[in-house]
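The block underneath contains the structure these notes are about, expressed in structure tokens.
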Amino acid sequence: MDGPLLVIDRDDARPLGQQLVDGLRRGILDGRLRAGDAVPSTRSLADELGVARSSVVAAYDQLAGEGYLELRQGAPTRVAPLVRAEERAQRAPVGIEERAQRASRDPHDPPEATALELRPGLPSTARLDERAWRAAWRAAAKHTVPGDIPPVFGSPRLRVEVADHLRHARGLSCSPDDVVVTAGTSDAVALLASALRVLVDGTPRVAVEHPGYPSARRVVQRRGALETVPVPVDADGIDVAALRGIRPAPHAVMVTPHHQYPLGGRLPVAARLELLEWAAASGAVVIEDDYDSEFRHVGAPLPALASLDRAGRAVLVGSFSKVLTPWLRLGYLVLPADPALRSAVAAVRDDETCPVPGIAQEAMAELLASGAVRRHIAAARRDYAHRRRLVLEALAGIRGADPTGLDGGLHAVLRLPAHQVSARVVARLADEGIAVSSLADYSAVPGEGPAGLILGYGSPTDVQLVQALARVRAAVEAELAASVT
Ligand SMILES: Cc1ncc(COP(=O)(O)O)c(C=O)c1O
């Protein structure tokens, strides 16, 4: 580890720990430190640089969290393995044309075996405090085993913790009695769709964003409301004027005002109020999918619709899928005061029961109470903000391709001039073992809607992300050049 890699400059405005992290990270990205190389012990590096050992420990810890280093007890710390060219070469080659012409996949289907997963929806679990995680499950397992089914709206303790979490994370004031535990957003949407069938004579009609979240749209189509009505979105989110113009008015609308999925707009407060006025006047239910509101990178978070709602029309749907992991299958919804909606939801849950095992609910309550979730969100937010900068740097200045939608969350949108170009880029990258999604798959009106890619930056390590983005850039530039010749 010689040369300028780790020079500590006492006149540098950056804190010492930051200089250590930046220097090591640069060394790994430049290839001066290679996968498998042992880095010096914290003690010897601290002595060599004349810094406190705790600073080196903290720097290694941060780099391990970002995926650059591997820390193992009793063994030297090493540079983490990178995705190698040979791995990609082992993949069966499939023609770009063939792949581009294949029927489009659901962007949320389980990933095929790929070296680099850049489809959206996957968070990083690297920062999770595993000790707190295990302690929560141990504590949950210590309870005497009850002989009855969990309450249909969820464990009382978890409902208290979720209400508390929402107060801190979202500034939303709600009572534990308003909280219904769900097995994630898809379950919440299915529950509300079934409740609409209880409430509405005939076929409920649900307005959905176009483009929008395909899984939720299909859950509505299959499970409860048979008809979905697409509403266009613009740079700010759903077009409320277009929604108001639909006749007859839909019975519900499903929206992502915090960070429109997938395009990334944030609905201004005036439009939120207009949306709620429309709902109050028409008696529609507003389903607010608040899926990644904990991760806002630019501008302060705006109040949830549920905080602004005076007429009792807005249901907030939240999930621990982005905050922790989708593997948990845990989320919640917050019901407004409307008694008819509450009793419809209760009627459905009475028959179907709460799908989340009692022990998982107790463990989640423990985890929230321990403060580990709050700490995790703070650490993950810093990581995602850093990765977002990596995305902006890697994709800046490509003529004809515009990175957008990056003000919050864990994904970016790269707008492209045509669907055919996107399809070819997706196919080219798939051949290289990199999975990305095409905007076409999010369209609520087949064949219509903006063209481009969606790139999730939550789950890969920083190193993998930088490598993958270089290939994304190369693929986009190659296909853009081919499209004009
Ligand atoms: C728009 C949107 N809402 C919600 C979720 C979370 O869904 P679930 O809680 O069912 O895992 C996701 C995950 O990808 C999403 O993209």
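To be explicit about the labels: the chains of the structure tokens are called A, B, and onward in the order shown, and within each one the residues are counted from 1, while ligands get numbers from 1 in the order they are shown.
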
Surrounding residues of Ala360 of chain A excluding itself and chain neighbours under 6 positions, 9 Å, only C-alpha atoms, as an NGL selection string
:A and (137 or 140 or 328 or 330)

Would you save the residues of that selection, restricted to N, CA and C atoms, as a PDB file, in the first residue's frame?
```
ATOM      1  N   TRP A 137     -35.334 -11.873  17.060  1.00  0.00           N
ATOM      2  CA  TRP A 137     -35.979 -13.181  16.820  1.00  0.00           C
ATOM      3  C   TRP A 137     -35.883 -14.069  18.053  1.00  0.00           C
ATOM      4  N   ALA A 140     -38.495 -12.890  20.428  1.00  0.00           N
ATOM      5  CA  ALA A 140     -39.845 -13.291  19.981  1.00  0.00           C
ATOM      6  C   ALA A 140     -40.081 -14.763  20.293  1.00  0.00           C
ATOM      7  N   LEU A 328     -38.751 -10.413   4.281  1.00  0.00           N
ATOM      8  CA  LEU A 328     -39.584 -10.452   5.493  1.00  0.00           C
ATOM      9  C   LEU A 328     -41.063 -10.624   5.211  1.00  0.00           C
ATOM     10  N   LEU A 330     -43.348  -8.123   5.254  1.00  0.00           N
ATOM     11  CA  LEU A 330     -44.033  -7.406   6.326  1.00  0.00           C
ATOM     12  C   LEU A 330     -44.277  -5.954   5.945  1.00  0.00           C
TER      13      LEU A 330
END
```

All residues within 10 Å of ligand 1 are required, counting only C-alpha atoms and all ligand atoms; please report them as a ChimeraX atom specification.
/A:107-108,119-123,182-189,212-216,255-256,259-262,288-292,317-323,325-332,409-411,456

To test your reading of the structure, identify every residue in segment 298-404 of chain A that backbone DSSP assigns to alpha helix (DSSP H), and report it as a ChimeraX atom specification.
/A:305-308,339-352,358-369,372-395

Any chance you could export the current selection's C-alpha atoms as a PDB file, in the first residue's frame?
```
ATOM      1  CA  LEU A 305     -51.772  12.231   1.958  1.00  0.00           C
ATOM      2  CA  ALA A 306     -52.923  10.574   5.170  1.00  0.00           C
ATOM      3  CA  SER A 307     -51.578  13.596   7.102  1.00  0.00           C
ATOM      4  CA  LEU A 308     -53.467  16.061   4.888  1.00  0.00           C
ATOM      5  CA  PRO A 339     -66.306   3.450   9.517  1.00  0.00           C
ATOM      6  CA  ALA A 340     -67.562   1.760   6.329  1.00  0.00           C
ATOM      7  CA  LEU A 341     -64.036   1.198   5.027  1.00  0.00           C
ATOM      8  CA  ARG A 342     -62.875  -0.058   8.415  1.00  0.00           C
ATOM      9  CA  SER A 343     -65.652  -2.565   8.712  1.00  0.00           C
ATOM     10  CA  ALA A 344     -65.125  -3.756   5.118  1.00  0.00           C
ATOM     11  CA  VAL A 345     -61.409  -4.330   5.857  1.00  0.00           C
ATOM     12  CA  ALA A 346     -62.329  -6.091   9.117  1.00  0.00           C
ATOM     13  CA  ALA A 347     -64.840  -8.306   7.306  1.00  0.00           C
ATOM     14  CA  VAL A 348     -62.193  -9.445   4.799  1.00  0.00           C
ATOM     15  CA  ARG A 349     -59.540 -10.043   7.461  1.00  0.00           C
ATOM     16  CA  ASP A 350     -62.049 -11.899   9.664  1.00  0.00           C
ATOM     17  CA  ASP A 351     -62.484 -14.455   6.907  1.00  0.00           C
ATOM     18  CA  GLU A 352     -58.918 -14.543   5.620  1.00  0.00           C
ATOM     19  CA  GLY A 358     -47.397 -14.160  15.007  1.00  0.00           C
ATOM     20  CA  ILE A 359     -43.729 -14.826  15.752  1.00  0.00           C
ATOM     21  CA  ALA A 360     -42.586 -12.677  12.818  1.00  0.00           C
ATOM     22  CA  GLN A 361     -44.813  -9.858  14.048  1.00  0.00           C
ATOM     23  CA  GLU A 362     -43.342 -10.075  17.543  1.00  0.00           C
ATOM     24  CA  ALA A 363     -39.786 -10.126  16.170  1.00  0.00           C
ATOM     25  CA  MET A 364     -40.503  -7.063  14.037  1.00  0.00           C
ATOM     26  CA  ALA A 365     -41.957  -5.287  17.081  1.00  0.00           C
ATOM     27  CA  GLU A 366     -38.756  -6.082  19.008  1.00  0.00           C
ATOM     28  CA  LEU A 367     -36.579  -4.850  16.173  1.00  0.00           C
ATOM     29  CA  LEU A 368     -38.474  -1.570  15.933  1.00  0.00           C
ATOM     30  CA  ALA A 369     -38.434  -1.098  19.709  1.00  0.00           C
ATOM     31  CA  ALA A 372     -32.174  -0.908  15.094  1.00  0.00           C
ATOM     32  CA  VAL A 373     -34.588  -0.015  12.281  1.00  0.00           C
ATOM     33  CA  ARG A 374     -34.126   3.696  12.837  1.00  0.00           C
ATOM     34  CA  ARG A 375     -30.345   3.330  12.860  1.00  0.00           C
ATOM     35  CA  HIS A 376     -30.480   1.137   9.793  1.00  0.00           C
ATOM     36  CA  ILE A 377     -32.523   3.694   7.863  1.00  0.00           C
ATOM     37  CA  ALA A 378     -30.020   6.447   8.732  1.00  0.00           C
ATOM     38  CA  ALA A 379     -27.028   4.352   7.599  1.00  0.00           C
ATOM     39  CA  ALA A 380     -28.771   3.039   4.481  1.00  0.00           C
ATOM     40  CA  ARG A 381     -29.836   6.564   3.528  1.00  0.00           C
ATOM     41  CA  ARG A 382     -26.185   7.655   3.518  1.00  0.00           C
ATOM     42  CA  ASP A 383     -25.190   4.647   1.409  1.00  0.00           C
ATOM     43  CA  TYR A 384     -27.963   5.228  -1.100  1.00  0.00           C
ATOM     44  CA  ALA A 385     -27.122   8.931  -1.350  1.00  0.00           C
ATOM     45  CA  HIS A 386     -23.553   7.944  -2.186  1.00  0.00           C
ATOM     46  CA  ARG A 387     -24.681   5.391  -4.771  1.00  0.00           C
ATOM     47  CA  ARG A 388     -27.012   7.922  -6.304  1.00  0.00           C
ATOM     48  CA  ARG A 389     -23.973  10.159  -6.874  1.00  0.00           C
ATOM     49  CA  LEU A 390     -22.172   7.221  -8.490  1.00  0.00           C
ATOM     50  CA  VAL A 391     -25.138   6.781 -10.854  1.00  0.00           C
ATOM     51  CA  LEU A 392     -25.201  10.467 -11.761  1.00  0.00           C
ATOM     52  CA  GLU A 393     -21.452  10.491 -12.387  1.00  0.00           C
ATOM     53  CA  ALA A 394     -21.477   7.308 -14.442  1.00  0.00           C
ATOM     54  CA  LEU A 395     -24.400   8.282 -16.670  1.00  0.00           C
TER      55      LEU A 395
END
```

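Of the listed residues (A:Ala190, A:Met254, A:Val445, A:Ile398), A:Met254 comes nearest to Glu209 of chain A; the distances count only C-alpha atoms.
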
Which value, in Å to one decimal, gives the distance between atom CA of Gln18 of chain A and atom CA of Val56 of chain A?
10.2 Å

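Pairwise distance (atom CA of Val179 of chain A, atom CA of Arg134 of chain A) equals 25.3 Å.
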
Which parts of segment 263-402 of chain A does DSSP call strand (DSSP E or B) when run on the backbone here, written out as a PyMOL selection string?
chain A and resi 285-289+296+314-319+331-334+402

Dump as an mmCIF file, in the first residue's frame, selection limited to C-alpha atoms:
```cif
data_model
loop_
_atom_site.group_PDB
_atom_site.id
_atom_site.type_symbol
_atom_site.label_atom_id
_atom_site.label_comp_id
_atom_site.auth_asym_id
_atom_site.auth_seq_id
_atom_site.Cartn_x
_atom_site.Cartn_y
_atom_site.Cartn_z
ATOM 1 C CA VAL A 285 -60.661 5.729 -1.557
ATOM 2 C CA VAL A 286 -57.105 6.981 -2.061
ATOM 3 C CA ILE A 287 -54.507 4.227 -1.712
ATOM 4 C CA GLU A 288 -51.157 5.892 -1.063
ATOM 5 C CA ASP A 289 -48.238 3.546 -1.711
ATOM 6 C CA ARG A 296 -35.360 11.176 0.139
ATOM 7 C CA ALA A 314 -56.701 8.225 2.344
ATOM 8 C CA VAL A 315 -55.186 4.872 3.288
ATOM 9 C CA LEU A 316 -51.413 4.871 3.709
ATOM 10 C CA VAL A 317 -49.717 1.659 2.608
ATOM 11 C CA GLY A 318 -46.205 1.055 3.939
ATOM 12 C CA SER A 319 -43.743 -1.794 3.706
ATOM 13 C CA GLY A 331 -45.842 -4.137 5.925
ATOM 14 C CA TYR A 332 -48.847 -2.254 7.168
ATOM 15 C CA LEU A 333 -51.650 0.010 6.213
ATOM 16 C CA VAL A 334 -53.057 2.951 8.120
ATOM 17 C CA ASP A 402 -31.271 11.390 -19.669
#
```

Within 7 Å of Arg53 of chain A, counting only C-alpha atoms, which residues show up once you throw out same-chain ones fewer than 3 positions away? Write them as a list in words, please.
Thr42, Arg43, Ala46, Val56 and Val57 of chain A

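Across the structure, atom CA of Glu432 of chain A and atom CA of Glu477 of chain A are spaced 15.4 Å apart.
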
Taking into account only C-alpha atoms, which residue in the set A:Ser54, A:Gln420, A:Thr77, A:Thr125 is nearest to Ala451 of chain A?
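Looking only at the distances to Ala451 of chain A, the closest residue turns out to be A:Gln420.
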
For each of A:Val51, A:Ile238, A:Ala80, A:Ala75, take the minimum atom-to-atom distance to Asp9 of chain A, counting only C-alpha atoms, then give the residue where this is smallest.
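Looking at the shortest contact to Asp9 of chain A, the residue is A:Val51.
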
Skipping near chain neighbours, those fewer than 5 positions away, what residues fall within 8 Å of Leu416 of chain A using only C-alpha atoms, listed as a PyMOL selection string?
chain A and resi 400-402+421-422+451-453
